Amino acid sequence: MKVIQVDRFISDANDKDAAKLREDLKAKGVLFLNLMSSPGSGKTTFLSRTLQDLKDLRLAVMEADIASTVDAERIAALGARSIQVHTGGMCHMDAGMTGAALETLGTDELDVIFLENVGNLICPAEFDTGAHKNVMILSVPEGDDKPLKYPLMFQQSDVLIVSKIDALPYFNFDLDKCRERALRLNPDIRIFPVSAKTGEGMEEWENWLREAREKNTSSVTAAP
Amino acid sequence: MHEMGIVLHLAKTLDETAEEENLTKIGSVTLQVGEVSGIMTDLFTDCWNYFRGRHKALTECELILETIPAVTYCEGCGKTYPTVPQGRQCPHCGSWETWLKQGNECIIKEIEAE
Ligand SMILES: Nc1nc2c(ncn2[C@@H]2O[C@H](COP(=O)(O)OP(=O)(O)O)[C@@H](O)[C@H]2O)c(=O)[nH]1
Ligand SMILES: [Mg+2]
Ligand SMILES: [Zn+2]
Ligand SMILES: [Zn+2]
């Protein structure tokens, strides 16, 4: 036997698949967003509110869960196209899994696809899913120290949604401190404090989403 | 489970390499695993042994693991220190302005094949 130098990151195979997905979706004018957070921080509630507010856009949701189908049922009840991905015990999604799910979901006649990733602030940040943008949620009850504990998640995210701000009066959550800690890790991160319950702050997030979607398509038309 | 997902990524790269280099048999693969990469090496080896039995090109492929120590760099004093067990605060000057220099990576270094 001979020795062959490989010298490749183990993540290279996944990164290649992810880049291909990202390109294909962009060519179709579909914006793909990867939503990450701890379990219970409000991903499904936040997505439901977004779907109800943006009736003029064609939105779809990919729900990734270790086993249940409850989230996909909540989304389907709103009339949006959705698919449930069972990760079979896996704690994160990778590009191979999103690629297969996108095929089943179908990507025609859509403007935006959301992936609700497995609830976990750690390893989903390590695997490129092929999304154009990463969006993370940190809810007020979780505490403003989370950027210190899970730096990679904050570094990999383009958007930080601080959710459940209607609960601010009941928790020692310092919004300014949270902002400062997140920006220190990632100076480009966009921060939107929202309450999916009262609707406060949702408009700013939705404006960002519309803009991101327009940018994603306009640069396609600009390409040769 | 986290490790199984990474085993699949490893297998994919090995399949690609086998095709590129016209290999019929891979006898071993050497992986360099960062100390804080989040990969549990015992679990990873178990996953590998389970997986390779079901993948005919890799049945005989032994897994050799090497550890890359985690090293943190301090912006405050310019020194480095071992990340484990020190953490984010510099033991030399007490600064929190530190970042991981190495130790969260996982690299496929080489294979033995024919
Ligand atoms: N007070 C308050 N509760 C919320 C808000 N958003 C979600 N919740 C609650 O938080 C819990 C978890 O929400 P869910 O959307 O299922 O979280 P997921 O696990 O991240 O998908 C539910 O009981 C929601 O009703 C919010 O903006 N304000
Ligand atoms: Mg959910
Ligand atoms: Zn994982
Ligand atoms: Zn120092």
# chains A, B, ... in the order shown; residues from 1 in each chain; ligands from 1
$ select_by_dssp --residues "stretch 49-107 of chain B" --states "alpha helix (DSSP H)" --output "list in words"
Asn49, Tyr50, Phe51, Arg52, Thr83, Val84, Pro85 and Gln86 of chain B
$ select_by_dssp --residues "stretch 107-208 of chain A" --states "strand (DSSP E)" --output "ChimeraX atom specification"
/A:112-116,133-139,159-163,190-193
$ closest_atom_pairs --of "chain A" --to "ligand 2" --cutoff "9 Å" --atoms "only C-alpha atoms and all ligand atoms" --output "CSV"
residue,atom,partner,partner_atom_place_in_ligand_line,distance
A:Pro39,CA,ligand 2,1 (Mg),7.0
A:Gly40,CA,ligand 2,1 (Mg),6.8
A:Ser41,CA,ligand 2,1 (Mg),8.3
A:Gly42,CA,ligand 2,1 (Mg),6.8
A:Lys43,CA,ligand 2,1 (Mg),5.3
A:Thr44,CA,ligand 2,1 (Mg),4.3
A:Thr45,CA,ligand 2,1 (Mg),7.5
A:Glu63,CA,ligand 2,1 (Mg),7.7
A:Ala64,CA,ligand 2,1 (Mg),8.6
A:Asp65,CA,ligand 2,1 (Mg),8.1
A:Val70,CA,ligand 2,1 (Mg),8.0
A:Asp71,CA,ligand 2,1 (Mg),5.3
A:Ala72,CA,ligand 2,1 (Mg),8.5
A:Glu116,CA,ligand 2,1 (Mg),7.0
A:Asn117,CA,ligand 2,1 (Mg),8.6
A:Val118,CA,ligand 2,1 (Mg),8.3
A:Gly119,CA,ligand 2,1 (Mg),7.5
$ write_last_selection --atoms "N, CA and C atoms" --output "mmCIF file, in the first residue's frame"
data_model
loop_
_atom_site.group_PDB
_atom_site.id
_atom_site.type_symbol
_atom_site.label_atom_id
_atom_site.label_comp_id
_atom_site.auth_asym_id
_atom_site.auth_seq_id
_atom_site.Cartn_x
_atom_site.Cartn_y
_atom_site.Cartn_z
ATOM 1 N N PRO A 39 -34.001 24.751 22.110
ATOM 2 C CA PRO A 39 -35.408 24.328 22.091
ATOM 3 C C PRO A 39 -36.244 25.302 22.932
ATOM 4 N N GLY A 40 -37.403 25.666 22.442
ATOM 5 C CA GLY A 40 -38.328 26.476 23.235
ATOM 6 C C GLY A 40 -38.089 27.971 23.186
ATOM 7 N N SER A 41 -37.130 28.427 22.388
ATOM 8 C CA SER A 41 -36.862 29.862 22.341
ATOM 9 C C SER A 41 -37.900 30.590 21.480
ATOM 10 N N GLY A 42 -38.708 29.823 20.757
ATOM 11 C CA GLY A 42 -39.804 30.447 20.001
ATOM 12 C C GLY A 42 -39.666 30.417 18.494
ATOM 13 N N LYS A 43 -38.917 29.458 17.940
ATOM 14 C CA LYS A 43 -38.720 29.391 16.487
ATOM 15 C C LYS A 43 -40.037 29.215 15.748
ATOM 16 N N THR A 44 -40.828 28.219 16.170
ATOM 17 C CA THR A 44 -42.051 27.906 15.431
ATOM 18 C C THR A 44 -43.065 29.051 15.557
ATOM 19 N N THR A 45 -43.150 29.643 16.747
ATOM 20 C CA THR A 45 -44.074 30.759 16.966
ATOM 21 C C THR A 45 -43.665 31.965 16.113
ATOM 22 N N GLU A 63 -39.192 21.756 8.557
ATOM 23 C CA GLU A 63 -39.080 21.553 9.999
ATOM 24 C C GLU A 63 -38.165 20.378 10.275
ATOM 25 N N ALA A 64 -37.052 20.611 10.953
ATOM 26 C CA ALA A 64 -36.153 19.510 11.281
ATOM 27 C C ALA A 64 -36.317 19.167 12.752
ATOM 28 N N ASP A 65 -36.597 17.928 13.021
ATOM 29 C CA ASP A 65 -36.794 17.500 14.392
ATOM 30 C C ASP A 65 -36.260 16.095 14.540
ATOM 31 N N VAL A 70 -44.983 17.748 15.351
ATOM 32 C CA VAL A 70 -45.889 18.810 15.840
ATOM 33 C C VAL A 70 -45.631 20.156 15.171
ATOM 34 N N ASP A 71 -44.367 20.504 14.953
ATOM 35 C CA ASP A 71 -44.076 21.818 14.374
ATOM 36 C C ASP A 71 -44.582 21.918 12.942
ATOM 37 N N ALA A 72 -44.363 20.869 12.153
ATOM 38 C CA ALA A 72 -44.823 20.892 10.763
ATOM 39 C C ALA A 72 -46.344 20.999 10.713
ATOM 40 N N GLU A 116 -36.253 25.340 9.944
ATOM 41 C CA GLU A 116 -36.195 25.382 11.411
ATOM 42 C C GLU A 116 -35.268 24.248 11.811
ATOM 43 N N ASN A 117 -34.039 24.587 12.167
ATOM 44 C CA ASN A 117 -33.011 23.593 12.481
ATOM 45 C C ASN A 117 -33.321 22.914 13.816
ATOM 46 N N VAL A 118 -32.599 21.853 14.124
ATOM 47 C CA VAL A 118 -32.773 21.157 15.393
ATOM 48 C C VAL A 118 -32.431 22.121 16.541
ATOM 49 N N GLY A 119 -33.250 22.123 17.588
ATOM 50 C CA GLY A 119 -33.042 23.054 18.702
ATOM 51 C C GLY A 119 -31.769 22.729 19.471
#
$ interface_residues --of "chain B" --to "chain A" --cutoff "10 Å" --atoms "only C-alpha atoms" --output "ChimeraX atom specification"
/B:1-14,16-17,21,25-33,37-38,88,105-114
$ write_last_selection --atoms "C-alpha atoms" --output "short mmCIF file (atom, residue, chain, number, x, y, z; two decimals), in the first residue's frame"
data_model
loop_
_atom_site.label_atom_id
_atom_site.label_comp_id
_atom_site.auth_asym_id
_atom_site.auth_seq_id
_atom_site.Cartn_x
_atom_site.Cartn_y
_atom_site.Cartn_z
CA MET B 1 -26.05 11.49 16.97
CA HIS B 2 -23.40 14.05 16.14
CA GLU B 3 -20.50 11.68 15.33
CA MET B 4 -22.44 9.59 12.77
CA GLY B 5 -23.00 12.69 10.64
CA ILE B 6 -19.27 13.34 10.54
CA VAL B 7 -18.54 9.69 9.67
CA LEU B 8 -20.72 10.15 6.58
CA HIS B 9 -18.75 13.25 5.57
CA LEU B 10 -15.50 11.31 6.02
CA ALA B 11 -16.79 8.43 3.89
CA LYS B 12 -17.84 10.83 1.17
CA THR B 13 -14.36 12.35 0.93
CA LEU B 14 -12.76 8.90 0.93
CA GLU B 16 -14.12 10.81 -3.89
CA THR B 17 -10.41 10.33 -3.26
CA GLU B 21 -6.76 8.25 -7.54
CA LYS B 25 -8.69 -0.58 -1.42
CA ILE B 26 -8.14 1.85 1.47
CA GLY B 27 -6.31 0.25 4.38
CA SER B 28 -6.32 3.14 6.81
CA VAL B 29 -7.20 6.79 7.22
CA THR B 30 -5.43 9.18 9.57
CA LEU B 31 -7.60 11.88 11.06
CA GLN B 32 -6.37 14.85 13.08
CA VAL B 33 -9.01 15.85 15.58
CA SER B 37 -13.74 20.14 17.98
CA GLY B 38 -16.74 18.68 19.80
CA ARG B 88 -11.34 32.06 27.67
CA GLU B 105 -10.60 21.56 13.36
CA CYS B 106 -10.85 18.05 12.00
CA ILE B 107 -8.52 17.22 9.14
CA ILE B 108 -8.21 14.12 6.97
CA LYS B 109 -4.43 13.92 6.84
CA GLU B 110 -3.58 10.83 4.80
CA ILE B 111 -4.69 7.39 3.71
CA GLU B 112 -2.93 4.13 3.04
CA ALA B 113 -4.28 2.60 -0.12
CA GLU B 114 -3.69 0.62 -3.25
#
$ residues_around --residues "B:Asp46" --least-positions-apart "2" --cutoff "12 Å" --atoms "only C-alpha atoms" --output "list of chain:residue names"
B:Met1, B:Glu3, B:Met4, B:Val7, B:Met40, B:Thr41, B:Asp42, B:Leu43, B:Phe44, B:Trp48, B:Asn49, B:Tyr50, B:Phe51, B:Arg52, B:Gly53, B:Glu62, B:Leu63
$ write_last_selection --atoms "N, CA and C atoms" --output "tab-separated table (two decimals), in the first residue's frame"
chain	number	residue	atom	x	y	z
B	1	MET	N	-27.32	11.38	16.24
B	1	MET	CA	-26.05	11.49	16.97
B	1	MET	C	-25.01	12.25	16.13
B	3	GLU	N	-21.67	12.33	15.94
B	3	GLU	CA	-20.50	11.68	15.33
B	3	GLU	C	-20.85	10.94	14.03
B	4	MET	N	-22.06	10.35	13.97
B	4	MET	CA	-22.44	9.59	12.77
B	4	MET	C	-22.47	10.51	11.54
B	7	VAL	N	-19.00	10.92	10.33
B	7	VAL	CA	-18.54	9.69	9.67
B	7	VAL	C	-18.99	9.69	8.20
B	40	MET	N	-16.33	13.38	20.04
B	40	MET	CA	-15.92	12.42	21.07
B	40	MET	C	-15.22	11.28	20.34
B	41	THR	N	-13.93	11.11	20.59
B	41	THR	CA	-13.17	10.17	19.76
B	41	THR	C	-13.61	8.71	19.95
B	42	ASP	N	-14.00	8.32	21.17
B	42	ASP	CA	-14.45	6.94	21.39
B	42	ASP	C	-15.72	6.65	20.60
B	43	LEU	N	-16.66	7.61	20.70
B	43	LEU	CA	-17.93	7.47	19.98
B	43	LEU	C	-17.68	7.46	18.48
B	44	PHE	N	-16.76	8.33	18.05
B	44	PHE	CA	-16.46	8.43	16.63
B	44	PHE	C	-15.93	7.10	16.11
B	48	TRP	N	-17.55	4.68	13.33
B	48	TRP	CA	-16.77	4.29	12.15
B	48	TRP	C	-16.81	2.77	11.96
B	49	ASN	N	-16.59	2.04	13.05
B	49	ASN	CA	-16.57	0.58	12.95
B	49	ASN	C	-17.92	0.01	12.54
B	50	TYR	N	-18.98	0.65	13.00
B	50	TYR	CA	-20.33	0.25	12.60
B	50	TYR	C	-20.53	0.52	11.11
B	51	PHE	N	-20.13	1.71	10.72
B	51	PHE	CA	-20.38	2.15	9.35
B	51	PHE	C	-19.57	1.36	8.32
B	52	ARG	N	-18.28	1.17	8.58
B	52	ARG	CA	-17.41	0.58	7.55
B	52	ARG	C	-17.81	-0.85	7.23
B	53	GLY	N	-18.41	-1.55	8.19
B	53	GLY	CA	-18.88	-2.90	7.94
B	53	GLY	C	-19.99	-2.94	6.89
B	62	GLU	N	-8.93	1.01	8.54
B	62	GLU	CA	-8.71	1.32	9.96
B	62	GLU	C	-8.70	2.84	10.16
B	63	LEU	N	-9.19	3.25	11.31
B	63	LEU	CA	-9.19	4.68	11.63
B	63	LEU	C	-8.06	4.98	12.61
$ residues_near_ligand --ligand "ligand 4" --cutoff "10 Å" --atoms "only C-alpha atoms and all ligand atoms" --output "list in words"
Thr72, Tyr73, Cys74, Glu75, Gly76, Cys77, Gly78, Lys79, Thr80, Tyr81, Gln89, Cys90, Pro91, His92, Cys93, Gly94, Ser95, Trp96, Glu97 and Thr98 of chain B
$ closest_residue --among "B:Asp15, B:Asn22, B:Ile39, B:Gly34" --to "ligand 3" --atoms "only C-alpha atoms and all ligand atoms"
B:Ile39
$ closest_residue --among "A:Phe46, A:Tyr150, A:Phe171, A:Phe32" --to "ligand 1" --atoms "only C-alpha atoms and all ligand atoms"
A:Phe46
$ residues_around --residues "A:Thr69" --least-positions-apart "5" --cutoff "10 Å" --atoms "only C-alpha atoms" --output "list in words"
Glu63, Ala64, Arg74, Ile83, Gln84, Val85 and His86 of chain A
$ closest_residue --among "A:Glu214, A:Asp24, A:Asp158, A:Asp108" --to "A:Leu183" --atoms "only C-alpha atoms"
A:Asp158
$ atom_distance --atom1 "atom CA of A:Asn216" --atom2 "atom CA of A:Leu21"
13.8 Å
$ atom_distance --atom1 "atom CA of B:Glu66" --atom2 "atom CA of B:Gln102"
14.0 Å
$ atom_distance --atom1 "atom CA of B:Lys101" --atom2 "atom 1 (Zn, counted along the ligand's line) of ligand 3"
22.3 Å
$ decode --residues "stretch 98-195 of chain A" --atoms "C-alpha atoms" --output "mmCIF file, in the first residue's frame"
data_model
loop_
_atom_site.group_PDB
_atom_site.id
_atom_site.type_symbol
_atom_site.label_atom_id
_atom_site.label_comp_id
_atom_site.auth_asym_id
_atom_site.auth_seq_id
_atom_site.Cartn_x
_atom_site.Cartn_y
_atom_site.Cartn_z
ATOM 1 C CA THR A 98 -31.434 19.783 3.449
ATOM 2 C CA GLY A 99 -30.777 18.925 -0.198
ATOM 3 C CA ALA A 100 -32.887 15.767 0.031
ATOM 4 C CA ALA A 101 -35.647 17.626 1.878
ATOM 5 C CA LEU A 102 -35.661 20.460 -0.670
ATOM 6 C CA GLU A 103 -36.209 17.917 -3.414
ATOM 7 C CA THR A 104 -39.270 16.522 -1.659
ATOM 8 C CA LEU A 105 -40.571 19.979 -0.761
ATOM 9 C CA GLY A 106 -40.103 21.312 -4.268
ATOM 10 C CA THR A 107 -38.570 24.741 -4.830
ATOM 11 C CA ASP A 108 -40.733 26.010 -7.711
ATOM 12 C CA GLU A 109 -42.973 29.025 -7.202
ATOM 13 C CA LEU A 110 -41.470 30.003 -3.872
ATOM 14 C CA ASP A 111 -39.848 33.218 -2.671
ATOM 15 C CA VAL A 112 -38.426 32.166 0.689
ATOM 16 C CA ILE A 113 -37.734 28.813 2.345
ATOM 17 C CA PHE A 114 -37.071 28.650 6.084
ATOM 18 C CA LEU A 115 -35.286 25.773 7.741
ATOM 19 C CA GLU A 116 -36.195 25.382 11.411
ATOM 20 C CA ASN A 117 -33.011 23.593 12.481
ATOM 21 C CA VAL A 118 -32.773 21.157 15.393
ATOM 22 C CA GLY A 119 -33.042 23.054 18.702
ATOM 23 C CA ASN A 120 -29.441 23.335 19.928
ATOM 24 C CA LEU A 121 -27.046 26.299 20.163
ATOM 25 C CA ILE A 122 -23.911 24.268 19.541
ATOM 26 C CA CYS A 123 -23.343 22.020 16.539
ATOM 27 C CA PRO A 124 -25.897 23.398 14.033
ATOM 28 C CA ALA A 125 -23.496 26.361 13.821
ATOM 29 C CA GLU A 126 -20.734 24.032 12.588
ATOM 30 C CA PHE A 127 -22.517 22.667 9.521
ATOM 31 C CA ASP A 128 -23.300 24.684 6.419
ATOM 32 C CA THR A 129 -26.853 23.816 5.348
ATOM 33 C CA GLY A 130 -26.700 25.685 2.055
ATOM 34 C CA ALA A 131 -28.696 28.614 3.450
ATOM 35 C CA HIS A 132 -28.055 32.119 2.104
ATOM 36 C CA LYS A 133 -28.382 33.578 5.591
ATOM 37 C CA ASN A 134 -28.216 32.208 9.112
ATOM 38 C CA VAL A 135 -30.723 33.572 11.579
ATOM 39 C CA MET A 136 -30.508 32.752 15.281
ATOM 40 C CA ILE A 137 -33.017 33.339 18.033
ATOM 41 C CA LEU A 138 -32.140 34.057 21.645
ATOM 42 C CA SER A 139 -35.162 34.401 23.910
ATOM 43 C CA VAL A 140 -35.267 36.699 26.921
ATOM 44 C CA PRO A 141 -35.709 33.881 29.506
ATOM 45 C CA GLU A 142 -32.445 32.260 28.316
ATOM 46 C CA GLY A 143 -30.348 35.195 29.572
ATOM 47 C CA ASP A 144 -28.082 37.862 28.080
ATOM 48 C CA ASP A 145 -24.893 35.872 28.795
ATOM 49 C CA LYS A 146 -25.421 33.373 25.963
ATOM 50 C CA PRO A 147 -23.000 35.099 23.553
ATOM 51 C CA LEU A 148 -20.272 34.334 26.098
ATOM 52 C CA LYS A 149 -21.219 30.653 26.250
ATOM 53 C CA TYR A 150 -21.962 29.883 22.593
ATOM 54 C CA PRO A 151 -19.686 32.242 20.623
ATOM 55 C CA LEU A 152 -19.654 30.198 17.394
ATOM 56 C CA MET A 153 -23.433 30.454 16.971
ATOM 57 C CA PHE A 154 -23.248 34.249 17.217
ATOM 58 C CA GLN A 155 -20.247 34.375 14.878
ATOM 59 C CA GLN A 156 -21.995 32.299 12.205
ATOM 60 C CA SER A 157 -25.296 34.190 12.274
ATOM 61 C CA ASP A 158 -26.208 37.108 10.020
ATOM 62 C CA VAL A 159 -29.228 37.985 12.124
ATOM 63 C CA LEU A 160 -29.913 37.748 15.853
ATOM 64 C CA ILE A 161 -33.570 37.770 16.847
ATOM 65 C CA VAL A 162 -33.998 38.547 20.553
ATOM 66 C CA SER A 163 -37.403 36.981 21.126
ATOM 67 C CA LYS A 164 -40.105 37.172 23.817
ATOM 68 C CA ILE A 165 -39.343 40.820 24.641
ATOM 69 C CA ASP A 166 -42.856 41.030 26.111
ATOM 70 C CA ALA A 167 -41.270 39.057 28.985
ATOM 71 C CA LEU A 168 -38.495 41.632 29.631
ATOM 72 C CA PRO A 169 -40.169 42.998 32.813
ATOM 73 C CA TYR A 170 -39.964 39.550 34.446
ATOM 74 C CA PHE A 171 -36.328 38.681 33.712
ATOM 75 C CA ASN A 172 -32.927 40.179 34.411
ATOM 76 C CA PHE A 173 -32.143 40.455 30.729
ATOM 77 C CA ASP A 174 -30.018 43.459 29.764
ATOM 78 C CA LEU A 175 -30.716 44.132 26.091
ATOM 79 C CA ASP A 176 -27.796 46.558 25.743
ATOM 80 C CA LYS A 177 -25.372 44.107 27.285
ATOM 81 C CA CYS A 178 -26.618 41.356 25.011
ATOM 82 C CA ARG A 179 -26.223 43.624 21.990
ATOM 83 C CA GLU A 180 -22.700 44.614 23.007
ATOM 84 C CA ARG A 181 -21.637 40.979 23.555
ATOM 85 C CA ALA A 182 -23.082 39.835 20.244
ATOM 86 C CA LEU A 183 -21.506 42.709 18.302
ATOM 87 C CA ARG A 184 -18.152 42.068 19.894
ATOM 88 C CA LEU A 185 -18.214 38.530 18.463
ATOM 89 C CA ASN A 186 -19.709 39.578 15.163
ATOM 90 C CA PRO A 187 -19.667 43.284 14.238
ATOM 91 C CA ASP A 188 -21.889 42.652 11.173
ATOM 92 C CA ILE A 189 -24.719 40.864 12.936
ATOM 93 C CA ARG A 190 -28.165 42.527 12.576
ATOM 94 C CA ILE A 191 -30.145 42.500 15.808
ATOM 95 C CA PHE A 192 -33.943 42.578 15.991
ATOM 96 C CA PRO A 193 -35.690 42.463 19.385
ATOM 97 C CA VAL A 194 -39.198 41.067 18.835
ATOM 98 C CA SER A 195 -42.237 39.599 20.497
#
